[in-house]
Amino acid sequence: MAFAVIRGEFAGSTWDAVARRFDELRWGNKDFASHQYVRDVIASVVDSGVAGRLGVTTSMHDLVVVSLETTNGHYETIKVHAPGVLAPVDDGCFVLTFYGNKRRKRGCQVVEQHPVADAVPAFWRMVGEKFGVTRDPGQPTG
């Protein structure tokens with residue numbers, strides 16, 4: 001499984017633009033329903049109250065998420081893998097990966113498999129643990 005690291009200035013997309021892209025893909029392809037958990041993660045960030053603290057880009061249909069609070073130009077990444085990831089995954093599950101700076105003690109490579117039904121809480125657990133970013137308390141925890 002490939003890990004992504006982003007160096008330099010982060011040039012991603014907006015969460016709203018990524019949401020629109022996934023909606024367009026879903027409307028144009030009934031088989032895209034298997035990506036609903038990715039769209040659920042996107043919606044949870046848009047509604048989180050902290051979307052401005054997280055950068056996003058896509059790699060095919062994966063989400064690549066970074067903390068925009070980095071100060072050193074080295075962006076640790078969390079990837080929400082779309083169905084069909086090139087690694088073995090159990091039925092009804094998806095994969096989250098983290099790639100971090102080896103000099104930090106947060107762990108440099110993490111691969112986690114979770115049930116699709118737990119995509120949003122699993123994503124936010126990893127974002128909180130790795131980036132220290134949590135949703136506003138008044139937002140849904142879904």
# chains A, B, ... in the order shown; residues from 1 in each chain; ligands from 1
>>> closest_atom_pairs(of="range 87-139 of chain A", to="range 38-49 of chain A", cutoff="10 Å", atoms="only C-alpha atoms", output="Markdown table")
| residue | atom | partner | partner_atom | distance |
| --- | --- | --- | --- | --- |
| A:Phe94 | CA | A:Val38 | CA | 9.5 |
| A:Val116 | CA | A:Val38 | CA | 9.1 |
| A:Ala117 | CA | A:Asp40 | CA | 9.9 |
| A:Ala119 | CA | A:Val41 | CA | 6.8 |
| A:Val120 | CA | A:Val41 | CA | 5.2 |
| A:Pro121 | CA | A:Val41 | CA | 8.8 |
| A:Ala122 | CA | A:Val41 | CA | 9.6 |
| A:Phe123 | CA | A:Val41 | CA | 7.2 |
| A:Trp124 | CA | A:Val41 | CA | 8.7 |
| A:Thr134 | CA | A:Ser48 | CA | 8.3 |
| A:Arg135 | CA | A:Ser48 | CA | 5.0 |
| A:Asp136 | CA | A:Gly49 | CA | 5.6 |
| A:Pro137 | CA | A:Ser48 | CA | 8.9 |
| A:Gly138 | CA | A:Ser48 | CA | 8.7 |
| A:Gln139 | CA | A:Ser48 | CA | 5.8 |
>>> residues_around(residues="Phe98 in chain A", least_positions_apart="6", cutoff="8 Å", atoms="only C-alpha atoms", output="VMD selection string")
chain A and resid 3 76 to 79 108 to 111
>>> atom_distance(atom1="CA of Phe131 in chain A", atom2="CA of Ser67 in chain A")
6.1 Å
>>> closest_residue(among="A:Tyr75, A:Asp91, A:His114, A:His61", to="Arg26 in chain A", atoms="only C-alpha atoms")
A:His61
>>> residues_around(residues="range 51-58 of chain A", least_positions_apart="4", cutoff="9 Å", atoms="only C-alpha atoms", output="NGL selection string")
:A and (10-15 or 18 or 45-47 or 62-69 or 133 or 135)
>>> select_by_dssp(residues="chain A", states="strand (DSSP E or B)", output="short mmCIF file (atom, residue, chain, number, x, y, z; two decimals) with all heavy atoms, in the first residue's frame")
data_model
loop_
_atom_site.label_atom_id
_atom_site.label_comp_id
_atom_site.auth_asym_id
_atom_site.auth_seq_id
_atom_site.Cartn_x
_atom_site.Cartn_y
_atom_site.Cartn_z
N ILE A 6 3.09 15.00 1.67
CA ILE A 6 3.01 16.23 0.89
C ILE A 6 4.01 17.21 1.48
O ILE A 6 4.01 17.46 2.68
CB ILE A 6 1.59 16.81 0.93
CG1 ILE A 6 0.60 15.80 0.33
CG2 ILE A 6 1.52 18.14 0.18
CD1 ILE A 6 -0.85 16.15 0.54
N ARG A 7 4.86 17.77 0.65
CA ARG A 7 5.83 18.76 1.10
C ARG A 7 5.57 20.07 0.38
O ARG A 7 5.04 20.10 -0.70
CB ARG A 7 7.25 18.28 0.81
CG ARG A 7 7.63 17.03 1.55
CD ARG A 7 9.08 16.66 1.27
NE ARG A 7 9.38 15.34 1.73
CZ ARG A 7 9.66 15.01 2.97
NH1 ARG A 7 9.69 15.93 3.89
NH2 ARG A 7 9.92 13.77 3.30
N SER A 13 -8.07 21.11 -2.53
CA SER A 13 -9.37 21.58 -2.97
C SER A 13 -10.11 22.08 -1.75
O SER A 13 -9.57 22.09 -0.65
CB SER A 13 -10.11 20.41 -3.63
OG SER A 13 -11.31 20.85 -4.21
N LEU A 54 -8.63 21.61 8.19
CA LEU A 54 -8.24 20.40 7.48
C LEU A 54 -8.23 20.65 5.98
O LEU A 54 -9.23 21.09 5.42
CB LEU A 54 -9.20 19.24 7.80
CG LEU A 54 -9.28 18.81 9.25
CD1 LEU A 54 -10.42 17.82 9.45
CD2 LEU A 54 -7.96 18.22 9.70
N GLY A 55 -7.12 20.35 5.34
CA GLY A 55 -7.04 20.46 3.89
C GLY A 55 -7.42 19.13 3.27
O GLY A 55 -7.28 18.07 3.89
N VAL A 56 -7.89 19.17 2.03
CA VAL A 56 -8.30 17.95 1.35
C VAL A 56 -7.93 18.02 -0.13
O VAL A 56 -7.93 19.08 -0.74
CB VAL A 56 -9.82 17.70 1.50
CG1 VAL A 56 -10.64 18.76 0.80
CG2 VAL A 56 -10.21 16.30 1.01
N THR A 57 -7.57 16.89 -0.64
CA THR A 57 -7.42 16.68 -2.07
C THR A 57 -7.86 15.26 -2.32
O THR A 57 -8.16 14.51 -1.39
CB THR A 57 -5.98 16.97 -2.56
OG1 THR A 57 -5.96 16.99 -3.98
CG2 THR A 57 -4.98 15.96 -2.03
N THR A 58 -7.95 14.89 -3.58
CA THR A 58 -8.34 13.52 -3.90
C THR A 58 -7.23 12.86 -4.70
O THR A 58 -6.45 13.51 -5.38
CB THR A 58 -9.65 13.47 -4.71
OG1 THR A 58 -9.51 14.26 -5.89
CG2 THR A 58 -10.82 13.98 -3.89
N SER A 59 -7.18 11.56 -4.55
CA SER A 59 -6.29 10.72 -5.35
C SER A 59 -7.20 9.64 -5.91
O SER A 59 -7.59 8.73 -5.18
CB SER A 59 -5.20 10.13 -4.45
OG SER A 59 -4.43 9.19 -5.14
N ASP A 62 -9.97 8.36 -3.54
CA ASP A 62 -9.55 8.42 -2.15
C ASP A 62 -9.54 9.88 -1.71
O ASP A 62 -9.32 10.78 -2.51
CB ASP A 62 -8.12 7.88 -1.97
CG ASP A 62 -7.96 6.43 -2.37
OD1 ASP A 62 -8.97 5.69 -2.34
OD2 ASP A 62 -6.84 6.04 -2.69
N LEU A 63 -9.74 10.09 -0.41
CA LEU A 63 -9.54 11.42 0.17
C LEU A 63 -8.16 11.46 0.79
O LEU A 63 -7.76 10.53 1.49
CB LEU A 63 -10.55 11.69 1.28
CG LEU A 63 -12.01 11.73 0.92
CD1 LEU A 63 -12.83 12.02 2.18
CD2 LEU A 63 -12.29 12.77 -0.14
N VAL A 64 -7.44 12.54 0.56
CA VAL A 64 -6.16 12.76 1.21
C VAL A 64 -6.34 14.01 2.06
O VAL A 64 -6.61 15.10 1.53
CB VAL A 64 -5.02 12.94 0.19
CG1 VAL A 64 -3.70 13.15 0.90
CG2 VAL A 64 -4.95 11.74 -0.76
N VAL A 65 -6.20 13.86 3.38
CA VAL A 65 -6.50 14.92 4.33
C VAL A 65 -5.24 15.31 5.07
O VAL A 65 -4.46 14.44 5.48
CB VAL A 65 -7.58 14.44 5.33
CG1 VAL A 65 -7.92 15.52 6.34
CG2 VAL A 65 -8.83 13.98 4.58
N VAL A 66 -5.05 16.61 5.26
CA VAL A 66 -3.90 17.13 6.00
C VAL A 66 -4.39 18.14 7.03
O VAL A 66 -5.47 18.72 6.88
CB VAL A 66 -2.85 17.80 5.08
CG1 VAL A 66 -2.34 16.82 4.03
CG2 VAL A 66 -3.40 19.06 4.43
N SER A 67 -3.58 18.35 8.05
CA SER A 67 -3.84 19.44 8.98
C SER A 67 -3.24 20.70 8.39
O SER A 67 -2.07 20.73 8.02
CB SER A 67 -3.19 19.16 10.34
OG SER A 67 -3.25 20.34 11.14
N HIS A 74 5.78 20.25 5.98
CA HIS A 74 5.69 18.79 5.85
C HIS A 74 4.32 18.39 6.35
O HIS A 74 4.02 18.51 7.53
CB HIS A 74 6.78 18.11 6.69
CG HIS A 74 6.70 16.62 6.64
ND1 HIS A 74 7.53 15.87 5.85
CD2 HIS A 74 5.88 15.75 7.27
CE1 HIS A 74 7.23 14.59 6.00
NE2 HIS A 74 6.24 14.50 6.86
N TYR A 75 3.48 17.95 5.46
CA TYR A 75 2.12 17.61 5.82
C TYR A 75 1.97 16.12 6.03
O TYR A 75 2.18 15.33 5.12
CB TYR A 75 1.15 18.04 4.70
CG TYR A 75 1.07 19.52 4.53
CD1 TYR A 75 1.95 20.19 3.69
CD2 TYR A 75 0.13 20.27 5.24
CE1 TYR A 75 1.87 21.56 3.54
CE2 TYR A 75 0.06 21.63 5.10
CZ TYR A 75 0.94 22.28 4.24
OH TYR A 75 0.86 23.64 4.09
N THR A 77 -0.36 12.94 6.39
CA THR A 77 -1.60 12.70 5.66
C THR A 77 -2.40 11.55 6.25
O THR A 77 -1.85 10.57 6.75
CB THR A 77 -1.31 12.37 4.18
OG1 THR A 77 -0.51 11.20 4.09
CG2 THR A 77 -0.61 13.51 3.48
N ILE A 78 -3.70 11.72 6.19
CA ILE A 78 -4.65 10.65 6.46
C ILE A 78 -5.36 10.41 5.14
O ILE A 78 -5.82 11.35 4.49
CB ILE A 78 -5.65 11.03 7.55
CG1 ILE A 78 -4.93 11.16 8.90
CG2 ILE A 78 -6.80 10.00 7.62
CD1 ILE A 78 -5.81 11.68 10.02
N LYS A 79 -5.43 9.15 4.77
CA LYS A 79 -6.09 8.80 3.52
C LYS A 79 -7.30 7.92 3.83
O LYS A 79 -7.19 6.93 4.54
CB LYS A 79 -5.10 8.04 2.62
CG LYS A 79 -5.38 8.15 1.16
CD LYS A 79 -4.23 7.52 0.38
CE LYS A 79 -4.16 8.07 -1.01
NZ LYS A 79 -3.13 7.44 -1.82
N VAL A 80 -8.45 8.33 3.32
CA VAL A 80 -9.67 7.53 3.38
C VAL A 80 -9.74 6.83 2.03
O VAL A 80 -9.96 7.46 1.00
CB VAL A 80 -10.92 8.40 3.60
CG1 VAL A 80 -12.17 7.53 3.66
CG2 VAL A 80 -10.78 9.25 4.87
N CYS A 93 -15.85 -3.52 4.89
CA CYS A 93 -14.86 -2.72 5.60
C CYS A 93 -14.16 -1.76 4.63
O CYS A 93 -14.29 -1.88 3.42
CB CYS A 93 -13.81 -3.60 6.27
SG CYS A 93 -14.47 -4.60 7.62
N PHE A 94 -13.44 -0.80 5.19
CA PHE A 94 -12.65 0.12 4.41
C PHE A 94 -11.33 0.35 5.14
O PHE A 94 -11.15 -0.10 6.27
CB PHE A 94 -13.39 1.45 4.19
CG PHE A 94 -13.32 2.37 5.38
CD1 PHE A 94 -12.49 3.48 5.36
CD2 PHE A 94 -14.06 2.12 6.52
CE1 PHE A 94 -12.42 4.33 6.45
CE2 PHE A 94 -13.99 2.95 7.62
CZ PHE A 94 -13.16 4.06 7.58
N VAL A 95 -10.42 1.06 4.50
CA VAL A 95 -9.09 1.28 5.06
C VAL A 95 -8.81 2.76 5.23
O VAL A 95 -9.11 3.56 4.34
CB VAL A 95 -8.00 0.65 4.16
CG1 VAL A 95 -6.60 0.98 4.64
CG2 VAL A 95 -8.19 -0.86 4.09
N LEU A 96 -8.25 3.11 6.39
CA LEU A 96 -7.69 4.43 6.67
C LEU A 96 -6.18 4.26 6.79
O LEU A 96 -5.72 3.29 7.41
CB LEU A 96 -8.17 4.95 8.03
CG LEU A 96 -9.52 5.59 8.18
CD1 LEU A 96 -9.81 5.87 9.65
CD2 LEU A 96 -9.61 6.86 7.38
N THR A 97 -5.42 5.17 6.22
CA THR A 97 -3.98 5.12 6.42
C THR A 97 -3.49 6.47 6.92
O THR A 97 -4.11 7.51 6.65
CB THR A 97 -3.21 4.78 5.13
OG1 THR A 97 -3.45 5.76 4.13
CG2 THR A 97 -3.58 3.41 4.61
N PHE A 98 -2.39 6.45 7.63
CA PHE A 98 -1.73 7.66 8.11
C PHE A 98 -0.27 7.57 7.75
O PHE A 98 0.35 6.51 7.90
CB PHE A 98 -1.88 7.79 9.63
CG PHE A 98 -1.03 8.88 10.21
CD1 PHE A 98 -1.40 10.21 10.07
CD2 PHE A 98 0.14 8.58 10.88
CE1 PHE A 98 -0.60 11.22 10.60
CE2 PHE A 98 0.93 9.58 11.41
CZ PHE A 98 0.56 10.91 11.27
N TYR A 99 0.27 8.66 7.25
CA TYR A 99 1.70 8.75 7.01
C TYR A 99 2.19 10.01 7.69
O TYR A 99 1.70 11.11 7.42
CB TYR A 99 2.02 8.80 5.52
CG TYR A 99 3.51 8.80 5.25
CD1 TYR A 99 4.21 7.60 5.20
CD2 TYR A 99 4.21 9.98 5.10
CE1 TYR A 99 5.58 7.58 4.99
CE2 TYR A 99 5.58 9.97 4.89
CZ TYR A 99 6.26 8.77 4.83
OH TYR A 99 7.61 8.76 4.64
N GLN A 109 3.75 5.27 10.07
CA GLN A 109 2.84 4.62 9.13
C GLN A 109 1.82 3.80 9.91
O GLN A 109 2.20 2.96 10.72
CB GLN A 109 3.60 3.71 8.18
CG GLN A 109 4.50 4.44 7.23
CD GLN A 109 5.15 3.51 6.22
OE1 GLN A 109 4.87 2.33 6.18
NE2 GLN A 109 6.02 4.06 5.41
N VAL A 110 0.57 4.06 9.63
CA VAL A 110 -0.52 3.35 10.30
C VAL A 110 -1.52 2.94 9.22
O VAL A 110 -1.87 3.74 8.37
CB VAL A 110 -1.22 4.24 11.35
CG1 VAL A 110 -2.40 3.52 11.97
CG2 VAL A 110 -0.25 4.72 12.41
N VAL A 111 -1.95 1.69 9.27
CA VAL A 111 -3.00 1.19 8.39
C VAL A 111 -4.07 0.58 9.28
O VAL A 111 -3.77 -0.30 10.10
CB VAL A 111 -2.47 0.12 7.40
CG1 VAL A 111 -3.60 -0.40 6.52
CG2 VAL A 111 -1.32 0.66 6.56
N GLU A 112 -5.30 1.07 9.15
CA GLU A 112 -6.40 0.56 9.96
C GLU A 112 -7.56 0.15 9.06
O GLU A 112 -7.91 0.86 8.13
CB GLU A 112 -6.92 1.64 10.92
CG GLU A 112 -5.94 2.07 11.96
CD GLU A 112 -6.49 3.15 12.86
OE1 GLU A 112 -7.64 3.63 12.66
OE2 GLU A 112 -5.78 3.54 13.79
N GLN A 113 -8.14 -1.00 9.37
CA GLN A 113 -9.36 -1.44 8.69
C GLN A 113 -10.52 -1.26 9.65
O GLN A 113 -10.42 -1.58 10.83
CB GLN A 113 -9.23 -2.92 8.30
CG GLN A 113 -10.49 -3.47 7.67
CD GLN A 113 -10.32 -4.91 7.23
OE1 GLN A 113 -9.93 -5.14 6.11
NE2 GLN A 113 -10.62 -5.85 8.11
N HIS A 114 -11.62 -0.72 9.14
CA HIS A 114 -12.81 -0.48 9.95
C HIS A 114 -14.05 -0.88 9.16
O HIS A 114 -14.05 -0.79 7.93
CB HIS A 114 -12.95 1.01 10.30
CG HIS A 114 -11.84 1.56 11.11
ND1 HIS A 114 -11.76 1.41 12.47
CD2 HIS A 114 -10.73 2.25 10.73
CE1 HIS A 114 -10.66 2.00 12.91
NE2 HIS A 114 -10.02 2.51 11.87
N PRO A 115 -15.13 -1.24 9.85
CA PRO A 115 -16.40 -1.46 9.15
C PRO A 115 -16.86 -0.15 8.50
O PRO A 115 -16.67 0.93 9.07
CB PRO A 115 -17.37 -1.89 10.26
CG PRO A 115 -16.49 -2.37 11.37
CD PRO A 115 -15.23 -1.57 11.27
#
>>> select_by_dssp(residues="range 9-127 of chain A", states="helix (DSSP H, G or I)", output="PyMOL selection string")
chain A and resi 15-28+30-46+51-53+116-127
>>> atom_distance(atom1="CA of Lys30 in chain A", atom2="CA of Asp16 in chain A")
21.5 Å
>>> closest_residue(among="A:Arg125, A:Gly132, A:Thr71, A:Gln36", to="Asp23 in chain A", atoms="only C-alpha atoms")
A:Gln36
>>> atom_distance(atom1="CA of Ala33 in chain A", atom2="CA of Val127 in chain A")
24.6 Å
>>> closest_residue(among="A:Lys130, A:Asp118, A:Val50, A:His35", to="His81 in chain A", atoms="only C-alpha atoms")
A:His35
